[in-house]
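> Next comes the structure file coords-v8.pdb, holding PDB, C-alpha atoms.
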```pdb
ATOM      1  CA  MET A   1      16.301  -0.389  35.271  1.00  0.00           C
ATOM      2  CA  ARG A   2      14.379  -1.107  32.096  1.00  0.00           C
ATOM      3  CA  ARG A   3      13.346   1.136  29.235  1.00  0.00           C
ATOM      4  CA  ALA A   4       9.872   0.891  27.701  1.00  0.00           C
ATOM      5  CA  GLY A   5       8.624   3.191  24.944  1.00  0.00           C
ATOM      6  CA  GLY A   6      10.979   6.051  25.787  1.00  0.00           C
ATOM      7  CA  PHE A   7      10.294   5.852  29.566  1.00  0.00           C
ATOM      8  CA  CYS A   8      12.523   4.377  32.248  1.00  0.00           C
ATOM      9  CA  ILE A   9      11.303   1.757  34.672  1.00  0.00           C
ATOM     10  CA  LEU A  10      13.504   1.457  37.737  1.00  0.00           C
ATOM     11  CA  VAL A  11      13.956  -2.091  38.956  1.00  0.00           C
ATOM     12  CA  ARG A  12      15.459  -3.028  42.306  1.00  0.00           C
ATOM     13  CA  MET A  13      19.169  -3.572  41.750  1.00  0.00           C
ATOM     14  CA  PRO A  14      22.202  -3.451  44.008  1.00  0.00           C
ATOM     15  CA  VAL A  15      23.163  -0.014  42.656  1.00  0.00           C
ATOM     16  CA  LYS A  16      23.234   3.348  44.389  1.00  0.00           C
ATOM     17  CA  ARG A  17      20.195   5.521  43.602  1.00  0.00           C
ATOM     18  CA  PRO A  18      22.114   8.509  42.119  1.00  0.00           C
ATOM     19  CA  LEU A  19      23.769   6.217  39.587  1.00  0.00           C
ATOM     20  CA  ALA A  20      20.452   4.617  38.639  1.00  0.00           C
ATOM     21  CA  PHE A  21      18.833   8.043  38.276  1.00  0.00           C
ATOM     22  CA  ALA A  22      21.658   9.315  36.046  1.00  0.00           C
ATOM     23  CA  ALA A  23      21.386   6.271  33.812  1.00  0.00           C
ATOM     24  CA  CYS A  24      17.625   6.770  33.535  1.00  0.00           C
ATOM     25  CA  VAL A  25      18.055  10.418  32.509  1.00  0.00           C
ATOM     26  CA  ALA A  26      20.634   9.431  29.906  1.00  0.00           C
ATOM     27  CA  LEU A  27      18.280   6.840  28.409  1.00  0.00           C
ATOM     28  CA  SER A  28      15.393   9.325  28.361  1.00  0.00           C
ATOM     29  CA  LEU A  29      17.504  11.877  26.513  1.00  0.00           C
ATOM     30  CA  SER A  30      18.691   9.320  23.986  1.00  0.00           C
ATOM     31  CA  ALA A  31      15.079   8.307  23.339  1.00  0.00           C
ATOM     32  CA  GLN A  32      14.343  11.885  22.261  1.00  0.00           C
ATOM     33  CA  VAL A  33      16.999  11.833  19.530  1.00  0.00           C
ATOM     34  CA  GLU A  34      15.185  10.968  16.317  1.00  0.00           C
ATOM     35  CA  GLU A  35      16.640   9.616  13.121  1.00  0.00           C
ATOM     36  CA  PRO A  36      16.588  12.232  10.335  1.00  0.00           C
ATOM     37  CA  ARG A  37      13.827  11.681   7.811  1.00  0.00           C
ATOM     38  CA  PRO A  38      14.989  10.582   4.359  1.00  0.00           C
ATOM     39  CA  VAL A  39      14.912  13.203   1.618  1.00  0.00           C
ATOM     40  CA  VAL A  40      14.584  12.232  -2.033  1.00  0.00           C
ATOM     41  CA  ALA A  41      15.592  14.575  -4.860  1.00  0.00           C
ATOM     42  CA  LEU A  42      13.479  14.207  -7.989  1.00  0.00           C
ATOM     43  CA  GLN A  43      15.363  15.635 -10.953  1.00  0.00           C
ATOM     44  CA  THR A  44      12.689  16.500 -13.505  1.00  0.00           C
ATOM     45  CA  SER A  45      13.020  18.060 -16.944  1.00  0.00           C
ATOM     46  CA  MET A  46      11.535  21.232 -15.418  1.00  0.00           C
ATOM     47  CA  GLY A  47      13.661  21.432 -12.269  1.00  0.00           C
ATOM     48  CA  VAL A  48      14.440  19.690  -8.989  1.00  0.00           C
ATOM     49  CA  VAL A  49      11.798  18.697  -6.442  1.00  0.00           C
ATOM     50  CA  ARG A  50      12.901  17.574  -2.973  1.00  0.00           C
ATOM     51  CA  ALA A  51      10.553  15.542  -0.825  1.00  0.00           C
ATOM     52  CA  GLU A  52      10.918  14.599   2.824  1.00  0.00           C
ATOM     53  CA  LEU A  53       9.517  11.160   3.646  1.00  0.00           C
ATOM     54  CA  TYR A  54       7.640  10.133   6.805  1.00  0.00           C
ATOM     55  CA  PRO A  55       8.655   6.597   7.821  1.00  0.00           C
ATOM     56  CA  GLU A  56       7.251   7.139  11.312  1.00  0.00           C
ATOM     57  CA  VAL A  57       3.673   7.281   9.984  1.00  0.00           C
ATOM     58  CA  ALA A  58       3.917   5.217   6.794  1.00  0.00           C
ATOM     59  CA  PRO A  59       6.811   2.772   7.280  1.00  0.00           C
ATOM     60  CA  LYS A  60       5.759   0.175   4.693  1.00  0.00           C
ATOM     61  CA  THR A  61       5.007   2.802   2.057  1.00  0.00           C
ATOM     62  CA  VAL A  62       8.276   4.669   2.592  1.00  0.00           C
ATOM     63  CA  ALA A  63      10.285   1.447   2.535  1.00  0.00           C
ATOM     64  CA  ASN A  64       8.571   0.430  -0.705  1.00  0.00           C
ATOM     65  CA  PHE A  65       9.193   3.845  -2.305  1.00  0.00           C
ATOM     66  CA  LEU A  66      12.872   3.803  -1.321  1.00  0.00           C
ATOM     67  CA  VAL A  67      13.369   0.368  -2.895  1.00  0.00           C
ATOM     68  CA  TYR A  68      12.146   1.823  -6.190  1.00  0.00           C
ATOM     69  CA  VAL A  69      14.325   4.915  -5.755  1.00  0.00           C
ATOM     70  CA  ASN A  70      17.481   3.000  -4.870  1.00  0.00           C
ATOM     71  CA  SER A  71      17.039   0.546  -7.736  1.00  0.00           C
ATOM     72  CA  GLY A  72      16.838   3.367 -10.285  1.00  0.00           C
ATOM     73  CA  PHE A  73      13.297   2.365 -11.228  1.00  0.00           C
ATOM     74  CA  TYR A  74      12.080   5.961 -11.539  1.00  0.00           C
ATOM     75  CA  ASP A  75      14.933   7.106 -13.773  1.00  0.00           C
ATOM     76  CA  ASP A  76      13.829   8.098 -17.278  1.00  0.00           C
ATOM     77  CA  THR A  77      10.108   7.825 -16.547  1.00  0.00           C
ATOM     78  CA  VAL A  78       7.452  10.484 -17.164  1.00  0.00           C
ATOM     79  CA  PHE A  79       4.715  12.294 -15.324  1.00  0.00           C
ATOM     80  CA  HIS A  80       1.817  10.711 -17.168  1.00  0.00           C
ATOM     81  CA  ARG A  81      -1.129  12.343 -15.400  1.00  0.00           C
ATOM     82  CA  VAL A  82      -1.202  16.102 -14.865  1.00  0.00           C
ATOM     83  CA  ILE A  83      -4.345  17.896 -13.732  1.00  0.00           C
ATOM     84  CA  GLU A  84      -3.935  21.574 -12.875  1.00  0.00           C
ATOM     85  CA  GLY A  85      -5.358  22.357  -9.454  1.00  0.00           C
ATOM     86  CA  PHE A  86      -5.483  18.681  -8.496  1.00  0.00           C
ATOM     87  CA  VAL A  87      -2.422  16.398  -8.810  1.00  0.00           C
ATOM     88  CA  VAL A  88       0.776  15.673 -10.717  1.00  0.00           C
ATOM     89  CA  GLN A  89       1.295  11.911 -11.007  1.00  0.00           C
ATOM     90  CA  GLY A  90       4.199   9.778 -12.183  1.00  0.00           C
ATOM     91  CA  GLY A  91       6.382   6.818 -11.350  1.00  0.00           C
ATOM     92  CA  GLY A  92       5.080   4.078 -13.579  1.00  0.00           C
ATOM     93  CA  PHE A  93       5.487   4.740 -17.296  1.00  0.00           C
ATOM     94  CA  THR A  94       8.276   5.045 -19.833  1.00  0.00           C
ATOM     95  CA  PRO A  95       8.324   8.026 -22.237  1.00  0.00           C
ATOM     96  CA  GLU A  96       6.474   5.784 -24.705  1.00  0.00           C
ATOM     97  CA  LEU A  97       3.760   5.316 -22.040  1.00  0.00           C
ATOM     98  CA  ILE A  98       4.631   1.670 -21.570  1.00  0.00           C
ATOM     99  CA  PRO A  99       3.942   0.555 -17.974  1.00  0.00           C
ATOM    100  CA  LYS A 100       7.048  -0.627 -16.108  1.00  0.00           C
ATOM    101  CA  PRO A 101       6.924  -3.969 -14.277  1.00  0.00           C
ATOM    102  CA  THR A 102       6.488  -3.398 -10.562  1.00  0.00           C
ATOM    103  CA  ARG A 103       7.038  -5.134  -7.247  1.00  0.00           C
ATOM    104  CA  LYS A 104       4.344  -6.681  -5.093  1.00  0.00           C
ATOM    105  CA  PRO A 105       1.775  -4.035  -3.991  1.00  0.00           C
ATOM    106  CA  VAL A 106       2.184  -2.449  -0.587  1.00  0.00           C
ATOM    107  CA  ARG A 107      -0.504  -2.423   2.099  1.00  0.00           C
ATOM    108  CA  ILE A 108      -2.407   0.815   2.518  1.00  0.00           C
ATOM    109  CA  GLU A 109      -1.486   3.047   5.493  1.00  0.00           C
ATOM    110  CA  THR A 110      -4.229   5.664   5.497  1.00  0.00           C
ATOM    111  CA  LYS A 111      -4.958   5.366   9.222  1.00  0.00           C
ATOM    112  CA  ASN A 112      -1.835   7.433   9.942  1.00  0.00           C
ATOM    113  CA  GLY A 113      -3.684  10.746  10.427  1.00  0.00           C
ATOM    114  CA  MET A 114      -2.036  12.358   7.391  1.00  0.00           C
ATOM    115  CA  SER A 115      -4.189  14.390   5.013  1.00  0.00           C
ATOM    116  CA  ASN A 116      -3.715  14.963   1.277  1.00  0.00           C
ATOM    117  CA  GLU A 117      -2.792  18.608   1.729  1.00  0.00           C
ATOM    118  CA  ARG A 118      -1.094  20.774  -0.874  1.00  0.00           C
ATOM    119  CA  GLY A 119       2.501  19.668  -1.330  1.00  0.00           C
ATOM    120  CA  THR A 120       2.070  16.234   0.201  1.00  0.00           C
ATOM    121  CA  VAL A 121       3.236  13.117  -1.645  1.00  0.00           C
ATOM    122  CA  ALA A 122       0.901  10.123  -1.733  1.00  0.00           C
ATOM    123  CA  MET A 123       0.725   6.719  -3.371  1.00  0.00           C
ATOM    124  CA  ALA A 124      -1.534   6.169  -6.359  1.00  0.00           C
ATOM    125  CA  ARG A 125      -3.383   2.868  -6.490  1.00  0.00           C
ATOM    126  CA  GLN A 126      -5.990   0.942  -8.404  1.00  0.00           C
ATOM    127  CA  MET A 127      -9.583   0.495  -7.234  1.00  0.00           C
ATOM    128  CA  GLY A 128      -8.654  -2.100  -4.630  1.00  0.00           C
ATOM    129  CA  LYS A 129      -7.401  -1.115  -1.174  1.00  0.00           C
ATOM    130  CA  ASP A 130      -3.931  -2.709  -1.105  1.00  0.00           C
ATOM    131  CA  THR A 131      -2.922  -2.088  -4.734  1.00  0.00           C
ATOM    132  CA  ALA A 132      -0.327   0.722  -4.565  1.00  0.00           C
ATOM    133  CA  SER A 133       2.983  -0.200  -6.187  1.00  0.00           C
ATOM    134  CA  SER A 134       5.285   2.422  -7.736  1.00  0.00           C
ATOM    135  CA  GLN A 135       3.119   5.321  -8.849  1.00  0.00           C
ATOM    136  CA  PHE A 136       2.897   8.414  -6.671  1.00  0.00           C
ATOM    137  CA  PHE A 137       1.338  11.851  -6.901  1.00  0.00           C
ATOM    138  CA  ILE A 138       1.891  15.313  -5.494  1.00  0.00           C
ATOM    139  CA  ASN A 139      -1.175  17.209  -4.314  1.00  0.00           C
ATOM    140  CA  LEU A 140      -1.634  20.675  -5.793  1.00  0.00           C
ATOM    141  CA  LYS A 141      -4.347  21.695  -3.325  1.00  0.00           C
ATOM    142  CA  PRO A 142      -5.977  20.292  -0.177  1.00  0.00           C
ATOM    143  CA  ASN A 143      -7.566  17.136  -1.601  1.00  0.00           C
ATOM    144  CA  THR A 144      -9.526  15.926   1.412  1.00  0.00           C
ATOM    145  CA  THR A 145     -11.674  13.748  -0.867  1.00  0.00           C
ATOM    146  CA  LEU A 146      -8.563  11.570  -1.232  1.00  0.00           C
ATOM    147  CA  ASP A 147      -8.319  11.025   2.530  1.00  0.00           C
ATOM    148  CA  ARG A 148      -9.646   7.965   4.319  1.00  0.00           C
ATOM    149  CA  GLY A 149     -13.323   8.257   5.146  1.00  0.00           C
ATOM    150  CA  ALA A 150     -16.243   6.168   6.338  1.00  0.00           C
ATOM    151  CA  LEU A 151     -16.930   4.924   2.809  1.00  0.00           C
ATOM    152  CA  ARG A 152     -13.491   5.169   1.199  1.00  0.00           C
ATOM    153  CA  PHE A 153     -10.012   3.733   1.794  1.00  0.00           C
ATOM    154  CA  GLY A 154      -8.164   6.901   0.797  1.00  0.00           C
ATOM    155  CA  TYR A 155      -4.625   7.301  -0.520  1.00  0.00           C
ATOM    156  CA  THR A 156      -1.551   6.937   1.689  1.00  0.00           C
ATOM    157  CA  VAL A 157       0.340  10.179   2.320  1.00  0.00           C
ATOM    158  CA  PHE A 158       3.991   9.371   2.997  1.00  0.00           C
ATOM    159  CA  GLY A 159       5.913  12.612   2.464  1.00  0.00           C
ATOM    160  CA  ARG A 160       5.893  16.295   1.633  1.00  0.00           C
ATOM    161  CA  VAL A 161       7.651  18.544  -0.864  1.00  0.00           C
ATOM    162  CA  ILE A 162      10.142  20.705   1.034  1.00  0.00           C
ATOM    163  CA  GLU A 163      11.716  22.363  -2.001  1.00  0.00           C
ATOM    164  CA  GLY A 164      10.600  22.825  -5.583  1.00  0.00           C
ATOM    165  CA  MET A 165       6.852  23.225  -5.239  1.00  0.00           C
ATOM    166  CA  ASP A 166       7.192  25.967  -7.847  1.00  0.00           C
ATOM    167  CA  VAL A 167       8.509  23.278 -10.204  1.00  0.00           C
ATOM    168  CA  VAL A 168       5.475  21.103  -9.453  1.00  0.00           C
ATOM    169  CA  ASP A 169       3.210  24.069 -10.182  1.00  0.00           C
ATOM    170  CA  ARG A 170       4.933  24.627 -13.525  1.00  0.00           C
ATOM    171  CA  ILE A 171       4.466  20.970 -14.410  1.00  0.00           C
ATOM    172  CA  SER A 172       0.780  21.264 -13.525  1.00  0.00           C
ATOM    173  CA  ARG A 173       0.291  23.974 -16.147  1.00  0.00           C
ATOM    174  CA  VAL A 174       1.581  22.047 -19.172  1.00  0.00           C
ATOM    175  CA  GLN A 175      -0.848  21.303 -21.969  1.00  0.00           C
ATOM    176  CA  THR A 176      -2.351  17.828 -21.845  1.00  0.00           C
ATOM    177  CA  SER A 177      -4.406  15.569 -24.083  1.00  0.00           C
ATOM    178  CA  ARG A 178      -5.787  12.065 -24.301  1.00  0.00           C
ATOM    179  CA  ARG A 179      -3.502   9.202 -25.381  1.00  0.00           C
ATOM    180  CA  GLY A 180      -5.425   5.995 -25.979  1.00  0.00           C
ATOM    181  CA  ARG A 181      -7.182   5.130 -22.723  1.00  0.00           C
ATOM    182  CA  MET A 182      -5.143   7.639 -20.751  1.00  0.00           C
ATOM    183  CA  HIS A 183      -6.405  11.120 -19.991  1.00  0.00           C
ATOM    184  CA  ASP A 184      -4.480  14.235 -18.905  1.00  0.00           C
ATOM    185  CA  VAL A 185      -1.188  13.163 -20.503  1.00  0.00           C
ATOM    186  CA  PRO A 186       1.280  16.021 -21.172  1.00  0.00           C
ATOM    187  CA  ILE A 187       1.564  16.678 -24.916  1.00  0.00           C
ATOM    188  CA  LEU A 188       5.262  17.444 -24.472  1.00  0.00           C
ATOM    189  CA  PRO A 189       6.623  14.826 -22.041  1.00  0.00           C
ATOM    190  CA  VAL A 190       7.705  15.941 -18.583  1.00  0.00           C
ATOM    191  CA  PHE A 191      10.512  13.601 -17.554  1.00  0.00           C
ATOM    192  CA  LEU A 192      11.477  12.273 -14.165  1.00  0.00           C
ATOM    193  CA  GLU A 193      15.133  11.967 -15.060  1.00  0.00           C
ATOM    194  CA  THR A 194      16.471  10.630 -11.735  1.00  0.00           C
ATOM    195  CA  ALA A 195      15.331  10.012  -8.170  1.00  0.00           C
ATOM    196  CA  ARG A 196      18.032   9.871  -5.488  1.00  0.00           C
ATOM    197  CA  VAL A 197      18.191   9.759  -1.705  1.00  0.00           C
ATOM    198  CA  GLU A 198      20.226  12.704  -0.449  1.00  0.00           C
TER
END
```
Please go through the file and, once you have read it, give me the structure as structure tokens.


Amino acid sequence: MRRAGGFCILVRMPVKRPLAFAACVALSLSAQVEEPRPVVALQTSMGVVRAELYPEVAPKTVANFLVYVNSGFYDDTVFHRVIEGFVVQGGGFTPELIPKPTRKPVRIETKNGMSNERGTVAMARQMGKDTASSQFFINLKPNTTLDRGALRFGYTVFGRVIEGMDVVDRISRVQTSRRGRMHDVPILPVFLETARVE
């Protein structure tokens, strides 16, 4: 008996059929038991936001995000880009708006069928396709223009807010201004105090 992709393939063996059948059923049931998705708690200066991550559809992106979380990289950073009705973005700047040094960029995973719906968490990136590093954003509305299309690479969705979307909405309503080359920067900083896996 061999197992392939959650199915059992019975192979001729000197074993009684009932025993082989029972073993196959046991393997099939065990294949249905899924690992719980990781949940990350983002403690902000305006409240707690909990996000469930989707390693089954964006494994490289989730692994990359968790390395930043577990290293404490996000602690004492700010949400540096806040656009009401669009996105809340953070994960890359100190309170003085100094960019933090990041790891090697992660490959894009926008072919996973996930859409930038309200409450989803996605990776920010530069103009190039495989340029996402540490910055992430939370969608405030269905932003289908950020999805992969015929003429665009899109932005990798890798999780969803499961608690604290009201906090995200409050953050989205803070007053913003321009700071140097940066637009939509909160006048009063909104801190990402800690990020922890629960």

> Just give me the residues with any atom within 10 Å of (1.8, 3.4, 4.1), file coordinates, counting only C-alpha atoms, written as a PDB file with C-alpha atoms, keeping the file's coordinate frame.


```pdb
ATOM      1  CA  TYR A  54       7.640  10.133   6.805  1.00  0.00           C
ATOM      2  CA  PRO A  55       8.655   6.597   7.821  1.00  0.00           C
ATOM      3  CA  GLU A  56       7.251   7.139  11.312  1.00  0.00           C
ATOM      4  CA  VAL A  57       3.673   7.281   9.984  1.00  0.00           C
ATOM      5  CA  ALA A  58       3.917   5.217   6.794  1.00  0.00           C
ATOM      6  CA  PRO A  59       6.811   2.772   7.280  1.00  0.00           C
ATOM      7  CA  LYS A  60       5.759   0.175   4.693  1.00  0.00           C
ATOM      8  CA  THR A  61       5.007   2.802   2.057  1.00  0.00           C
ATOM      9  CA  VAL A  62       8.276   4.669   2.592  1.00  0.00           C
ATOM     10  CA  ALA A  63      10.285   1.447   2.535  1.00  0.00           C
ATOM     11  CA  ASN A  64       8.571   0.430  -0.705  1.00  0.00           C
ATOM     12  CA  PHE A  65       9.193   3.845  -2.305  1.00  0.00           C
ATOM     13  CA  VAL A 106       2.184  -2.449  -0.587  1.00  0.00           C
ATOM     14  CA  ARG A 107      -0.504  -2.423   2.099  1.00  0.00           C
ATOM     15  CA  ILE A 108      -2.407   0.815   2.518  1.00  0.00           C
ATOM     16  CA  GLU A 109      -1.486   3.047   5.493  1.00  0.00           C
ATOM     17  CA  THR A 110      -4.229   5.664   5.497  1.00  0.00           C
ATOM     18  CA  LYS A 111      -4.958   5.366   9.222  1.00  0.00           C
ATOM     19  CA  ASN A 112      -1.835   7.433   9.942  1.00  0.00           C
ATOM     20  CA  ALA A 122       0.901  10.123  -1.733  1.00  0.00           C
ATOM     21  CA  MET A 123       0.725   6.719  -3.371  1.00  0.00           C
ATOM     22  CA  ASP A 130      -3.931  -2.709  -1.105  1.00  0.00           C
ATOM     23  CA  ALA A 132      -0.327   0.722  -4.565  1.00  0.00           C
ATOM     24  CA  TYR A 155      -4.625   7.301  -0.520  1.00  0.00           C
ATOM     25  CA  THR A 156      -1.551   6.937   1.689  1.00  0.00           C
ATOM     26  CA  VAL A 157       0.340  10.179   2.320  1.00  0.00           C
ATOM     27  CA  PHE A 158       3.991   9.371   2.997  1.00  0.00           C
TER      28      PHE A 158
END
```

> Please determine, counting all atoms listed in the file, which residue among A:Phe137, A:Gly92, A:Ser71, A:Ile171 has the shortest atom-to-atom distance to Val121 of chain A.

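Counting all atoms listed in the file, the residue closest to Val121 of chain A is A:Phe137.
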
> Please determine, counting all atoms listed in the file, which residue among A:Gly47, A:Pro105, A:Gly119, A:Pro36 has the shortest atom-to-atom distance to Val88 of chain A.

A:Gly119

> Would you list the contacts of Pro38 of chain A as a PDB file with C-alpha atoms, in the frame of the given file, taking every protein, DNA or RNA residue within 7 Å and counting all atoms listed in the file, but skipping same-chain residues closer than 4 positions in sequence?


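As a result, selection.pdb now contains:
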```
ATOM      1  CA  GLU A  52      10.918  14.599   2.824  1.00  0.00           C
ATOM      2  CA  LEU A  53       9.517  11.160   3.646  1.00  0.00           C
ATOM      3  CA  VAL A 197      18.191   9.759  -1.705  1.00  0.00           C
TER       4      VAL A 197
END
```

> Suppose you want the space between atom CA of Asp75 of chain A and atom CA of Gly128 of chain A; what is it in Å?

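Taking atom CA of Asp75 of chain A and atom CA of Gly128 of chain A, their separation equals 26.9 Å.
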
> For a test of reading the model, state the distance in Å between atom CA of His80 of chain A and atom CA of Pro99 of chain A, rounded to one decimal.

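It comes out at 10.4 Å.
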
> To one decimal place in Å, what is the distance between atom CA of Arg37 of chain A and atom CA of Ser134 of chain A?

20.0 Å

> May I have the residues within 9 Å of Ser45 of chain A as a ChimeraX atom specification, using all atoms listed in the file and disregarding those fewer than 2 positions away in the same chain?

/A:43,47-48,189-193

> Go ahead and dump the residues you just picked, C-alpha atoms, as a compact mmCIF listing (two decimals), in the coordinates of the input.


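Everything below was put into again_19.txt:
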```txt
# COMPACT_ATOMS: atom_id res chain seq x y z
CA GLN A 43 15.36 15.64 -10.95
CA GLY A 47 13.66 21.43 -12.27
CA VAL A 48 14.44 19.69 -8.99
CA PRO A 189 6.62 14.83 -22.04
CA VAL A 190 7.70 15.94 -18.58
CA PHE A 191 10.51 13.60 -17.55
CA LEU A 192 11.48 12.27 -14.16
CA GLU A 193 15.13 11.97 -15.06
```

> Name the residues that the PyMOL selection byres ((chain A and resi 162) around 12) picks from the file above, as a list in words, using the file's chain letters and numbers.

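Checking the PyMOL selection byres ((chain A and resi 162) around 12) against this file, the residues are Arg37, Pro38, Val39, Val40, Ala41, Leu42, Val48, Val49, Arg50, Ala51, Glu52, Leu53, Arg118, Gly119, Thr120, Val121, Ile138, Gly159, Arg160, Val161, Glu163, Gly164, Met165, Asp166, Val167 and Val168 of chain A.
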
> Please write as a PDB file with C-alpha atoms, in the coordinates of the input the full residue list that the PyMOL selection byres ((chain A and resi 146-148) around 9) yields on this file.


```
ATOM      1  CA  THR A 110      -4.229   5.664   5.497  1.00  0.00           C
ATOM      2  CA  LYS A 111      -4.958   5.366   9.222  1.00  0.00           C
ATOM      3  CA  GLY A 113      -3.684  10.746  10.427  1.00  0.00           C
ATOM      4  CA  MET A 114      -2.036  12.358   7.391  1.00  0.00           C
ATOM      5  CA  SER A 115      -4.189  14.390   5.013  1.00  0.00           C
ATOM      6  CA  ASN A 116      -3.715  14.963   1.277  1.00  0.00           C
ATOM      7  CA  ASN A 143      -7.566  17.136  -1.601  1.00  0.00           C
ATOM      8  CA  THR A 144      -9.526  15.926   1.412  1.00  0.00           C
ATOM      9  CA  THR A 145     -11.674  13.748  -0.867  1.00  0.00           C
ATOM     10  CA  GLY A 149     -13.323   8.257   5.146  1.00  0.00           C
ATOM     11  CA  ALA A 150     -16.243   6.168   6.338  1.00  0.00           C
ATOM     12  CA  LEU A 151     -16.930   4.924   2.809  1.00  0.00           C
ATOM     13  CA  ARG A 152     -13.491   5.169   1.199  1.00  0.00           C
ATOM     14  CA  PHE A 153     -10.012   3.733   1.794  1.00  0.00           C
ATOM     15  CA  GLY A 154      -8.164   6.901   0.797  1.00  0.00           C
ATOM     16  CA  TYR A 155      -4.625   7.301  -0.520  1.00  0.00           C
ATOM     17  CA  THR A 156      -1.551   6.937   1.689  1.00  0.00           C
ATOM     18  CA  VAL A 157       0.340  10.179   2.320  1.00  0.00           C
TER      19      VAL A 157
END
```

> May I ask which of the residues A:Asp184, A:Gly91, A:Ile98, A:Glu34 is the closest one to Val69 of chain A, counting only C-alpha atoms?

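Selected residue with least distance to Val69 of chain A: A:Gly91.
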
> Given only C-alpha atoms as the basis, pick out the residue of A:Glu35, A:His183, A:Thr44, A:Glu117 nearest to Arg170 of chain A.

A:Thr44

> Using all atoms listed in the file, which protein or nucleic acid residues come within 8 Å of Ile187 of chain A? Drop anything in the same chain fewer than 5 positions from it, and give the result as an MDAnalysis selection string.

chainID A and resid 174:177

> Which residue gives the smallest distance to Ile83 of chain A among A:Leu97, A:Ala195, A:Leu66, A:Leu140, with only C-alpha atoms counted?

A:Leu140
